[in-house]
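Structure file model.txt with compact mmCIF, C-alpha atoms:
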# COMPACT_ATOMS: atom_id res chain seq x y z
CA MET A 1 0.00 0.00 0.00
CA SER A 2 2.93 2.35 0.53
CA ASP A 3 3.01 2.98 -3.23
CA ASN A 4 -0.25 4.78 -2.81
CA ILE A 5 1.18 7.33 -0.40
CA LYS A 6 2.37 10.45 -2.19
CA LYS A 7 3.13 14.01 -1.18
CA LEU A 8 0.70 16.82 -1.76
CA LEU A 9 2.57 20.10 -2.09
CA THR A 10 0.37 23.17 -1.81
CA ILE A 11 1.65 26.58 -2.92
CA VAL A 12 -0.31 29.75 -2.24
CA THR A 13 1.18 32.74 -4.03
CA GLU A 14 0.67 35.74 -6.30
CA ALA A 15 -1.20 35.16 -9.56
CA ALA A 16 1.55 37.09 -11.34
CA LEU A 17 3.85 34.12 -10.83
CA GLU A 18 1.58 31.52 -12.40
CA ASN A 19 3.32 31.04 -15.74
CA ILE A 20 6.80 31.01 -14.27
CA LEU A 21 5.91 28.55 -11.54
CA ILE A 22 4.27 26.14 -13.95
CA LYS A 23 7.51 25.98 -15.92
CA ASP A 24 9.50 25.37 -12.74
CA ILE A 25 7.16 22.66 -11.54
CA GLU A 26 7.18 20.79 -14.84
CA ARG A 27 10.94 21.10 -15.20
CA LEU A 28 11.46 19.61 -11.76
CA GLY A 29 9.56 16.50 -12.68
CA ALA A 30 5.96 16.82 -11.53
CA GLN A 31 3.46 15.00 -13.74
CA GLY A 32 0.72 17.53 -13.26
CA TYR A 33 -0.72 20.28 -11.11
CA THR A 34 -4.03 21.92 -10.23
CA ILE A 35 -4.47 25.68 -9.99
CA THR A 36 -7.33 27.51 -8.32
CA ASP A 37 -7.90 31.19 -7.67
CA ALA A 38 -7.58 32.08 -4.04
CA ARG A 39 -8.25 34.88 -1.59
CA GLY A 40 -6.94 35.51 1.87
CA LYS A 41 -4.76 37.47 4.20
CA GLY A 42 -1.21 37.04 5.36
CA GLY A 43 2.13 38.65 6.15
CA ARG A 44 2.05 40.71 2.98
CA GLY A 45 -1.42 42.04 3.48
CA SER A 46 -4.82 40.97 2.29
CA ARG A 47 -5.07 39.57 -1.20
CA SER A 48 -8.59 40.35 -2.23
CA ALA A 49 -8.42 39.02 -5.79
CA ALA A 50 -10.56 42.00 -6.70
CA TRP A 51 -8.64 42.28 -9.94
CA ASP A 52 -5.76 40.71 -11.81
CA ALA A 53 -2.80 42.25 -10.07
CA SER A 54 -3.95 41.49 -6.55
CA GLY A 55 -5.05 37.94 -7.22
CA ASN A 56 -3.72 34.88 -5.46
CA ILE A 57 -3.53 31.36 -6.74
CA ARG A 58 -3.24 28.00 -5.03
CA ILE A 59 -1.22 25.39 -6.87
CA GLU A 60 -1.46 21.78 -5.80
CA VAL A 61 1.06 19.19 -6.91
CA VAL A 62 0.89 15.50 -6.07
CA SER A 63 4.18 13.66 -6.57
CA ASP A 64 6.90 11.52 -5.01
CA ALA A 65 8.43 12.83 -1.83
CA ALA A 66 11.74 13.48 -3.62
CA ILE A 67 10.23 15.62 -6.36
CA ALA A 68 7.98 17.44 -3.92
CA SER A 69 10.84 18.46 -1.69
CA GLN A 70 12.95 19.45 -4.69
CA ILE A 71 10.18 21.74 -5.91
CA ALA A 72 9.67 23.12 -2.41
CA SER A 73 13.31 23.98 -1.87
CA HIS A 74 13.64 25.53 -5.33
CA LEU A 75 10.62 27.77 -4.73
CA LYS A 76 11.85 28.69 -1.28
CA GLU A 77 15.24 29.80 -2.59
CA THR A 78 13.94 31.63 -5.62
CA TYR A 79 10.76 33.35 -4.52
CA TYR A 80 10.49 33.60 -0.75
CA ASP A 81 12.43 36.87 -0.50
CA ASN A 82 10.36 38.97 -2.83
CA TYR A 83 6.98 37.37 -3.27
CA ALA A 84 4.04 36.56 -1.11
CA MET A 85 4.26 32.78 -0.99
CA ILE A 86 3.54 29.97 1.42
CA LEU A 87 4.22 26.27 0.96
CA PHE A 88 3.00 23.29 2.86
CA MET A 89 3.20 19.57 2.35
CA SER A 90 1.14 16.64 3.47
CA ASP A 91 0.79 12.92 2.83
CA VAL A 92 -2.06 11.83 0.63
CA GLU A 93 -3.30 8.44 -0.38
CA VAL A 94 -3.83 8.28 -4.12
CA ILE A 95 -6.11 5.87 -5.92
CA ARG A 96 -4.13 5.48 -9.12
CA PRO A 97 -0.42 5.62 -8.18
CA GLY A 98 0.62 5.23 -11.83
CA LYS A 99 -0.62 8.72 -12.60
CA PHE A 100 1.90 10.44 -10.37
CA MET B 1 -22.02 69.34 -16.38
CA ILE B 2 -20.24 66.43 -14.74
CA ASP B 3 -20.34 63.35 -16.93
CA PRO B 4 -22.48 60.50 -15.52
CA VAL B 5 -19.65 58.01 -16.00
CA ILE B 6 -17.55 60.07 -13.58
CA LEU B 7 -20.40 59.89 -11.10
CA PHE B 8 -20.22 56.09 -11.37
CA PHE B 9 -16.54 56.31 -10.47
CA ILE B 10 -17.24 58.56 -7.49
CA PHE B 11 -20.05 56.23 -6.44
CA GLY B 12 -17.73 53.20 -6.53
CA LEU B 13 -15.04 55.10 -4.67
CA SER B 14 -17.44 56.23 -1.94
CA ALA B 15 -19.02 52.78 -1.57
CA GLY B 16 -15.55 51.28 -1.25
CA LEU B 17 -14.43 53.85 1.31
CA LEU B 18 -17.55 53.13 3.35
CA ARG B 19 -16.52 49.46 3.25
CA SER B 20 -19.57 48.34 1.36
CA GLU B 21 -19.62 44.75 0.20
CA LEU B 22 -20.30 45.95 -3.33
CA ARG B 23 -18.15 44.33 -5.96
CA LEU B 24 -18.42 43.63 -9.65
CA PRO B 25 -18.03 39.89 -10.30
CA PRO B 26 -14.45 39.37 -11.59
CA ALA B 27 -15.62 37.77 -14.83
CA ILE B 28 -17.87 40.77 -15.56
CA TYR B 29 -15.02 43.17 -14.88
CA ASP B 30 -12.87 41.18 -17.31
CA LEU B 31 -15.58 41.29 -19.96
CA VAL B 32 -16.16 44.99 -19.48
CA SER B 33 -12.47 45.82 -19.88
CA ILE B 34 -12.20 43.55 -22.91
CA MET B 35 -15.12 45.34 -24.55
CA LEU B 36 -13.66 48.77 -23.81
CA LEU B 37 -10.25 47.93 -25.23
CA LEU B 38 -11.66 46.26 -28.34
CA THR B 39 -13.99 49.19 -28.98
CA ILE B 40 -11.24 51.77 -28.63
CA GLY B 41 -9.02 49.66 -30.88
CA MET B 42 -11.71 49.25 -33.54
CA LYS B 43 -12.54 52.96 -33.52
CA GLY B 44 -8.90 53.72 -34.19
CA GLY B 45 -8.60 50.98 -36.80
CA ILE B 46 -11.53 52.27 -38.84
CA GLU B 47 -9.96 55.72 -39.07
CA LEU B 48 -6.44 54.45 -39.63
CA ALA B 49 -7.59 52.54 -42.68
CA LYS B 50 -8.40 55.89 -44.27
CA GLN B 51 -4.83 57.19 -44.20
CA PRO B 52 -1.43 55.97 -45.39
CA PHE B 53 0.40 54.15 -42.64
CA LEU B 54 3.89 55.35 -43.58
CA GLU B 55 3.05 58.95 -42.77
CA LEU B 56 2.47 57.89 -39.19
CA LEU B 57 5.92 56.39 -38.68
CA PRO B 58 7.76 59.61 -37.72
CA GLN B 59 4.97 60.45 -35.27
CA MET B 60 5.21 56.99 -33.76
CA LEU B 61 8.94 57.44 -33.21
CA VAL B 62 8.37 60.76 -31.45
CA VAL B 63 5.75 59.16 -29.20
CA ILE B 64 8.13 56.30 -28.33
CA ALA B 65 10.78 58.91 -27.45
CA LEU B 66 8.23 60.55 -25.15
CA GLY B 67 7.69 57.18 -23.48
CA ILE B 68 11.43 56.90 -22.84
CA VAL B 69 11.84 60.47 -21.54
CA LEU B 70 8.93 60.41 -19.05
CA PRO B 71 10.34 57.69 -16.74
CA LEU B 72 13.79 59.28 -16.98
CA ILE B 73 12.30 62.48 -15.56
CA ALA B 74 10.27 60.70 -12.90
CA PHE B 75 13.12 58.53 -11.64
CA PRO B 76 15.46 61.24 -10.25
CA LEU B 77 12.49 63.03 -8.64
CA LEU B 78 11.54 59.85 -6.81
CA ARG B 79 15.07 58.80 -5.99
CA TYR B 80 16.47 62.12 -4.75
CA LEU B 81 13.44 64.13 -3.64
CA GLY B 82 11.33 61.21 -2.50
CA ARG B 83 14.29 59.20 -1.15
CA PHE B 84 12.92 55.94 -2.45
CA SER B 85 15.22 52.98 -3.00
CA ARG B 86 16.56 52.54 -6.52
CA VAL B 87 14.21 49.66 -7.40
CA ASP B 88 11.12 51.36 -5.98
CA ALA B 89 11.90 54.63 -7.74
CA ALA B 90 12.51 52.78 -11.02
CA SER B 91 9.28 50.85 -10.69
CA ILE B 92 7.16 53.91 -9.91
CA ALA B 93 8.86 55.79 -12.76
CA ALA B 94 7.89 53.00 -15.15
CA HIS B 95 4.26 53.26 -14.02
CA TYR B 96 4.25 57.01 -14.73
CA GLY B 97 5.97 56.71 -18.09
CA SER B 98 3.41 54.21 -19.28
CA VAL B 99 -0.29 54.79 -19.93
CA SER B 100 -3.63 53.90 -18.41
CA MET B 101 -6.23 52.47 -20.76
CA GLY B 102 -8.98 53.40 -18.32
CA THR B 103 -7.99 57.06 -18.40
CA PHE B 104 -7.84 56.95 -22.18
CA ALA B 105 -11.33 55.44 -22.34
CA VAL B 106 -12.67 58.27 -20.16
CA ALA B 107 -10.88 60.78 -22.39
CA VAL B 108 -12.48 59.24 -25.48
CA ALA B 109 -15.88 59.63 -23.84
CA TYR B 110 -15.04 63.22 -22.78
CA MET B 111 -14.06 64.22 -26.32
CA SER B 112 -17.01 62.56 -28.02
CA ALA B 113 -19.51 64.03 -25.54
CA ARG B 114 -18.23 67.49 -26.51
CA GLY B 115 -17.85 66.71 -30.18
CA ILE B 116 -14.13 67.49 -30.09
CA TYR B 117 -12.07 66.19 -32.97
CA TYR B 118 -8.81 64.39 -32.22
CA GLU B 119 -6.38 62.56 -34.49
CA GLU B 120 -7.46 59.00 -35.20
CA GLN B 121 -4.06 57.45 -34.54
CA MET B 122 -4.36 57.95 -30.77
CA PRO B 123 -5.09 54.26 -29.97
CA LEU B 124 -1.90 53.39 -31.84
CA PHE B 125 -0.02 55.86 -29.66
CA VAL B 126 -1.47 54.24 -26.56
CA VAL B 127 0.23 51.01 -27.57
CA MET B 128 3.45 52.88 -28.46
CA LEU B 129 3.51 54.68 -25.10
CA GLU B 130 2.76 51.66 -22.98
CA ILE B 131 5.90 49.71 -23.79
CA PRO B 132 9.09 51.85 -23.63
CA ALA B 133 8.64 52.96 -20.02
CA ILE B 134 8.52 49.34 -18.84
CA LEU B 135 11.85 48.61 -20.48
CA VAL B 136 13.39 51.85 -19.21
CA GLY B 137 12.17 51.03 -15.69
CA ILE B 138 13.74 47.57 -15.76
CA VAL B 139 17.04 48.92 -17.07
CA ILE B 140 17.18 51.66 -14.41
CA ALA B 141 16.44 49.13 -11.69
CA LYS B 142 18.79 46.38 -12.76
CA GLY B 143 21.03 47.73 -15.51
CA PHE B 144 21.43 45.53 -18.57
CA SER B 145 21.66 42.63 -16.19
CA LYS B 146 22.01 39.09 -17.42
CA GLN B 147 19.58 38.06 -14.72
CA THR B 148 16.76 39.70 -16.61
CA ASN B 149 15.03 37.22 -18.84
CA TRP B 150 14.37 39.56 -21.76
CA ALA B 151 12.44 36.98 -23.76
CA GLN B 152 10.05 36.64 -20.87
CA VAL B 153 9.81 40.40 -20.40
CA GLY B 154 9.12 40.79 -24.11
CA HIS B 155 6.40 38.19 -23.95
CA GLU B 156 4.86 39.79 -20.88
CA VAL B 157 4.96 43.28 -22.41
CA LEU B 158 3.91 42.59 -25.99
CA LEU B 159 1.34 39.92 -25.28
CA GLY B 160 -0.09 41.53 -22.15
CA LYS B 161 -3.86 41.50 -22.16
CA SER B 162 -4.38 45.20 -22.79
CA ILE B 163 -1.87 45.48 -25.65
CA ILE B 164 -3.12 42.39 -27.42
CA LEU B 165 -6.76 43.50 -27.19
CA MET B 166 -5.96 46.99 -28.43
CA ILE B 167 -3.91 45.70 -31.35
CA GLY B 168 -6.55 43.07 -32.10
CA GLY B 169 -9.24 45.77 -32.15
CA LEU B 170 -7.11 48.03 -34.35
CA LEU B 171 -6.55 45.25 -36.88
CA ILE B 172 -10.21 44.21 -36.90
CA GLY B 173 -11.27 47.81 -37.45
CA TRP B 174 -8.63 48.32 -40.08
CA ILE B 175 -9.41 45.16 -42.06
CA ALA B 176 -13.20 45.19 -41.75
CA GLY B 177 -13.79 48.92 -42.20
CA GLU B 178 -16.72 50.98 -41.08
CA GLU B 179 -19.47 49.43 -43.21
CA GLN B 180 -18.68 45.87 -42.26
CA LEU B 181 -18.45 46.76 -38.59
CA ALA B 182 -21.95 48.19 -38.65
CA SER B 183 -23.25 44.71 -37.85
CA ILE B 184 -21.54 44.68 -34.43
CA LYS B 185 -21.85 48.39 -33.78
CA PRO B 186 -24.79 48.09 -31.34
CA LEU B 187 -22.82 45.93 -28.92
CA PHE B 188 -19.51 47.75 -28.98
CA PHE B 189 -20.00 51.36 -30.07
CA ASP B 190 -23.53 52.15 -28.93
CA LEU B 191 -23.03 50.61 -25.51
CA PHE B 192 -19.60 52.19 -25.00
CA LYS B 193 -20.69 54.73 -22.39
CA GLY B 194 -22.73 52.22 -20.38
CA ILE B 195 -19.87 49.73 -20.38
CA LEU B 196 -17.50 52.52 -19.37
CA ALA B 197 -19.82 53.39 -16.48
CA LEU B 198 -19.69 49.82 -15.16
CA PHE B 199 -15.94 49.75 -15.63
CA LEU B 200 -15.53 52.98 -13.68
CA LEU B 201 -17.78 51.72 -10.89
CA GLU B 202 -15.40 48.81 -10.35
CA MET B 203 -12.38 51.12 -10.78
CA GLY B 204 -13.78 53.26 -7.98
CA LEU B 205 -14.07 50.21 -5.74
CA ILE B 206 -10.53 49.12 -6.59
CA THR B 207 -9.19 52.64 -6.07
CA SER B 208 -10.75 52.83 -2.62
CA LYS B 209 -8.63 49.86 -1.53
CA HIS B 210 -5.46 51.70 -2.50
CA VAL B 211 -6.37 54.99 -0.90
CA GLY B 212 -5.95 53.29 2.48
CA SER B 213 -2.37 52.23 1.83
CA LEU B 214 -1.43 55.83 0.98
CA LYS B 215 -1.37 56.78 4.65
CA LYS B 216 1.59 54.50 5.17
CA TYR B 217 3.76 56.19 2.57
CA GLY B 218 3.46 59.80 3.56
CA PRO B 219 2.79 63.03 1.76
CA PHE B 220 5.53 62.84 -0.89
CA LEU B 221 3.72 60.15 -2.84
CA ILE B 222 0.53 62.21 -2.85
CA VAL B 223 2.33 65.32 -4.10
CA PHE B 224 4.14 63.25 -6.71
CA GLY B 225 0.91 61.53 -7.80
CA ILE B 226 -0.56 64.91 -8.72
CA SER B 227 2.42 66.97 -9.85
CA MET B 228 4.06 64.30 -12.02
CA PRO B 229 1.02 63.93 -14.29
CA MET B 230 0.80 67.72 -14.60
CA LEU B 231 4.44 67.86 -15.66
CA SER B 232 3.98 64.92 -18.05
CA ALA B 233 0.89 66.59 -19.50
CA VAL B 234 2.90 69.73 -20.32
CA LEU B 235 5.43 67.56 -22.14
CA GLY B 236 2.71 65.57 -23.89
CA ALA B 237 0.86 68.71 -24.96
CA SER B 238 4.07 70.30 -26.26
CA THR B 239 4.85 67.14 -28.21
CA GLY B 240 1.33 67.12 -29.66
CA CYS B 241 1.63 70.75 -30.65
CA LEU B 242 5.04 70.14 -32.27
CA LEU B 243 3.58 67.24 -34.25
CA GLY B 244 0.95 69.63 -35.55
CA PHE B 245 -2.03 67.95 -33.89
CA SER B 246 -5.39 69.61 -33.44
CA VAL B 247 -6.34 70.93 -29.99
CA GLY B 248 -8.18 67.64 -29.32
CA GLY B 249 -5.22 65.54 -30.41
CA THR B 250 -2.84 67.66 -28.37
CA ALA B 251 -5.08 67.22 -25.32
CA MET B 252 -5.24 63.47 -25.95
CA LEU B 253 -1.46 63.19 -26.03
CA ALA B 254 -1.27 65.27 -22.84
CA ILE B 255 -3.77 62.94 -21.18
CA LEU B 256 -1.88 59.85 -22.33
CA ALA B 257 1.40 61.26 -21.03
CA ALA B 258 -0.23 62.22 -17.73
CA SER B 259 -1.84 58.86 -17.12
CA ALA B 260 -0.06 56.19 -15.10
CA SER B 261 -0.32 52.48 -15.71
CA TYR B 262 -1.93 50.17 -13.19
CA ILE B 263 -2.31 46.92 -15.12
CA ALA B 264 0.47 46.23 -17.61
CA VAL B 265 3.35 47.80 -15.71
CA PRO B 266 2.60 46.27 -12.29
CA ALA B 267 2.44 42.83 -13.85
CA ALA B 268 5.69 43.31 -15.75
CA MET B 269 7.49 44.85 -12.76
CA ARG B 270 6.35 42.08 -10.43
CA ILE B 271 8.09 39.56 -12.66
CA SER B 272 11.16 41.56 -13.70
CA VAL B 273 11.88 43.71 -10.64
CA PRO B 274 10.44 41.62 -7.79
CA GLU B 275 12.38 43.61 -5.16
CA ALA B 276 10.22 46.65 -5.82
CA ASN B 277 7.27 47.10 -3.51
CA PRO B 278 4.14 46.77 -5.67
CA THR B 279 1.79 48.48 -3.21
CA LEU B 280 3.88 51.65 -3.35
CA SER B 281 3.48 52.23 -7.08
CA LEU B 282 -0.15 51.11 -7.08
CA ALA B 283 -1.00 53.42 -4.20
CA ALA B 284 0.33 56.31 -6.28
CA SER B 285 -1.00 55.38 -9.70
CA LEU B 286 -4.37 54.00 -8.59
CA GLY B 287 -4.91 55.78 -5.31
CA ILE B 288 -3.97 59.26 -6.50
CA THR B 289 -3.24 59.70 -10.19
CA PHE B 290 -6.10 57.75 -11.72
CA PRO B 291 -8.86 59.50 -9.74
CA PHE B 292 -7.14 62.86 -10.16
CA ASN B 293 -6.86 62.46 -13.93
CA VAL B 294 -10.36 61.12 -14.43
CA VAL B 295 -12.21 63.63 -12.28
CA ILE B 296 -10.13 66.82 -12.51
CA GLY B 297 -7.18 66.20 -14.80
CA ILE B 298 -8.82 65.68 -18.20
CA PRO B 299 -10.49 69.13 -18.34
CA ILE B 300 -7.24 70.72 -17.09
CA TYR B 301 -5.21 69.00 -19.79
CA TYR B 302 -7.71 70.08 -22.41
CA ALA B 303 -7.42 73.67 -21.23
CA MET B 304 -3.65 73.25 -21.33
CA ALA B 305 -3.84 72.13 -24.96
CA GLU B 306 -6.00 75.12 -25.86
CA TYR B 307 -3.57 77.47 -24.12
CA ILE B 308 -0.53 76.00 -25.86
CA HIS B 309 -2.26 76.24 -29.23
CA ALA B 310 -3.26 79.84 -28.59
CA PHE B 311 0.22 80.71 -27.41
CA PHE B 312 2.17 79.13 -30.23
CA GLY B 313 -0.60 79.74 -32.75
CA ALA B 314 -0.14 76.34 -34.34
As a first step, turn the structure in this file into structure tokens.
Amino acid sequence: MSDNIKKLLTIVTEAALENILIKDIERLGAQGYTITDARGKGGRGSRSAAWDASGNIRIEVVSDAAIASQIASHLKETYYDNYAMILFMSDVEVIRPGKF
Amino acid sequence: MIDPVILFFIFGLSAGLLRSELRLPPAIYDLVSIMLLLTIGMKGGIELAKQPFLELLPQMLVVIALGIVLPLIAFPLLRYLGRFSRVDAASIAAHYGSVSMGTFAVAVAYMSARGIYYEEQMPLFVVMLEIPAILVGIVIAKGFSKQTNWAQVGHEVLLGKSIILMIGGLLIGWIAGEEQLASIKPLFFDLFKGILALFLLEMGLITSKHVGSLKKYGPFLIVFGISMPMLSAVLGASTGCLLGFSVGGTAMLAILAASASYIAVPAAMRISVPEANPTLSLAASLGITFPFNVVIGIPIYYAMAEYIHAFFGA
């Protein structure tokens, strides 16, 4: 059953970064990702998503632990200083392990 | 005498300041801005088709030069009078060198409500003016640094939503011509003012969110947000007069020069100069300059154009 346990990496960040992050995520080996628009409040103020420039997105990536932590550390190094971004990881049980 | 569309803006601004829950659904706001940009583009395209393109080239070069000069004037003011960091000053300068489509749309409505003629190539100039300041801003902030991914910047700048819609509209208007476009005229041209009113309602709500962050940044930004557009307008009006434009065209160029970007430039700066604080430039361009231009500025710039024409007797 341990094959079915993967990592879910969740990234909440500025919508402006979407295209760049997708490239990073694919380059680092993830098979796919899911993006949703998001709203909220944090250390860099409230992100109301009232219009393009203040929008937030949530990107979810399910992958092996190795790939997930590689993506996480790359994002941390590259974007933490200047962008509103949070990352968190959790274990998930997937139904079709072959997909990830 | 005040135009109803301006009242919509003031309404949105007041509702936002009172913390009302009012908000245009994001998809509607998108649609409304798409319609505005396409309409402005098509209007320009129809007229452009009537004149030889090559004659416009020298004018386009002058307008691009204006787009390069404006941020170069704004930058030292911000850096040495305002004491902003290099990246912040460069980013704000880029916003003020570029243009605001929303302000241009209001100007189009202002001119047509008063039956004032202006040169048809203005939408083309909007596109010309939007781009150079972004590049100048990036170069001031980072130099010709290898870090900057110019291909990405180019993609961001040239294929940004507002530019692509404007150019698309221009081409559609140009190719189809006035008679063919009559079939879609009711949706785009006849509804222009109503669409603009909705757009300005949402702009008022958005602006109200940025007025709050102004308090943090002190009085310099407020003074800059009003005096920089006035200075730019003088330059824009002089350029228009030199190019031999009518009073309306001169006023349009003054308005374009005075307006500050709040969509294309923030997006490009966020990617290319991430160290710059985005709320700083937005507080100035959206919180101060946009409302100033829309409510008070446009008539002032028109008067400025009249004065310059009377003075130099063009």
Please define a box with edges along x, y and z of the file around all atoms of range 72-90 of chain A given in the file, extend it by 5 Å on each side, and return its centre and edge lengths in Å to one decimal, as JSON.
{"center_x": 8.2, "center_y": 27.8, "center_z": -1.1, "size_x": 24.1, "size_y": 32.3, "size_z": 19.1}
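Among B:Ile73, B:Ile263, B:Val106, B:Leu17, the residue with the shortest atom-to-atom distance to chain A, counting all atoms listed in the file, is B:Ile263.
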Next on the checklist: For a test of reading the model, state the distance in Å between CA of Val126 in chain B and CA of Ser85 in chain B, rounded to one decimal.
Outcome noted: 28.9 Å
Checklist entry - What's the 9 Å shell around Ala72 in chain A, counting all atoms listed in the file, without same-chain residues fewer than 6 positions away, as an MDAnalysis selection string? => result chainID A and resid 9 11 87:89
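Residues within 8 Å of Gly45 in chain B, counting only C-alpha atoms and excluding same-chain residues fewer than 6 positions away, are Gly169, Leu170, Leu171, Ile172, Gly173, Trp174, Ile175 and Gly177 of chain B.
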Next on the checklist: Counting all atoms listed in the file, which residues have an atom no more than 12 Å from (13.8, 44.2, -18.8) in the file's coordinates? Please list them as a PyMOL selection string.
Outcome noted: chain B and resi 90-91+94+131-157+265+268-274
Next on the checklist: If the cut-off is 12 Å, can you tell me the residues of chain B near chain A, counting all atoms listed in the file? I'd like them as a ChimeraX atom specification.
Outcome noted: /B:16,21-30,33,149,152-153,155-156,160-162,199,202-210,213,261-279,282,286
Next on the checklist: as a list in words, please: the residues near range 289-305 of chain B (cut-off 7 Å, only C-alpha atoms, same-chain neighbours under 2 positions excluded).
Outcome noted: Ile6, Thr103, Val106, Ala107, Gly225, Ile226, Ala233, Ala237, Val247, Thr250, Ala251, Ala254, Ile255, Ser259, Ala260, Ala284, Ser285, Leu286, Gly287, Tyr307, Ile308 and His309 of chain B
C-alpha atoms of the current selection, written as a compact mmCIF listing (two decimals), keeping the file's coordinate frame:
# COMPACT_ATOMS: atom_id res chain seq x y z
CA ILE B 6 -17.55 60.07 -13.58
CA THR B 103 -7.99 57.06 -18.40
CA VAL B 106 -12.67 58.27 -20.16
CA ALA B 107 -10.88 60.78 -22.39
CA GLY B 225 0.91 61.53 -7.80
CA ILE B 226 -0.56 64.91 -8.72
CA ALA B 233 0.89 66.59 -19.50
CA ALA B 237 0.86 68.71 -24.96
CA VAL B 247 -6.34 70.93 -29.99
CA THR B 250 -2.84 67.66 -28.37
CA ALA B 251 -5.08 67.22 -25.32
CA ALA B 254 -1.27 65.27 -22.84
CA ILE B 255 -3.77 62.94 -21.18
CA SER B 259 -1.84 58.86 -17.12
CA ALA B 260 -0.06 56.19 -15.10
CA ALA B 284 0.33 56.31 -6.28
CA SER B 285 -1.00 55.38 -9.70
CA LEU B 286 -4.37 54.00 -8.59
CA GLY B 287 -4.91 55.78 -5.31
CA TYR B 307 -3.57 77.47 -24.12
CA ILE B 308 -0.53 76.00 -25.86
CA HIS B 309 -2.26 76.24 -29.23
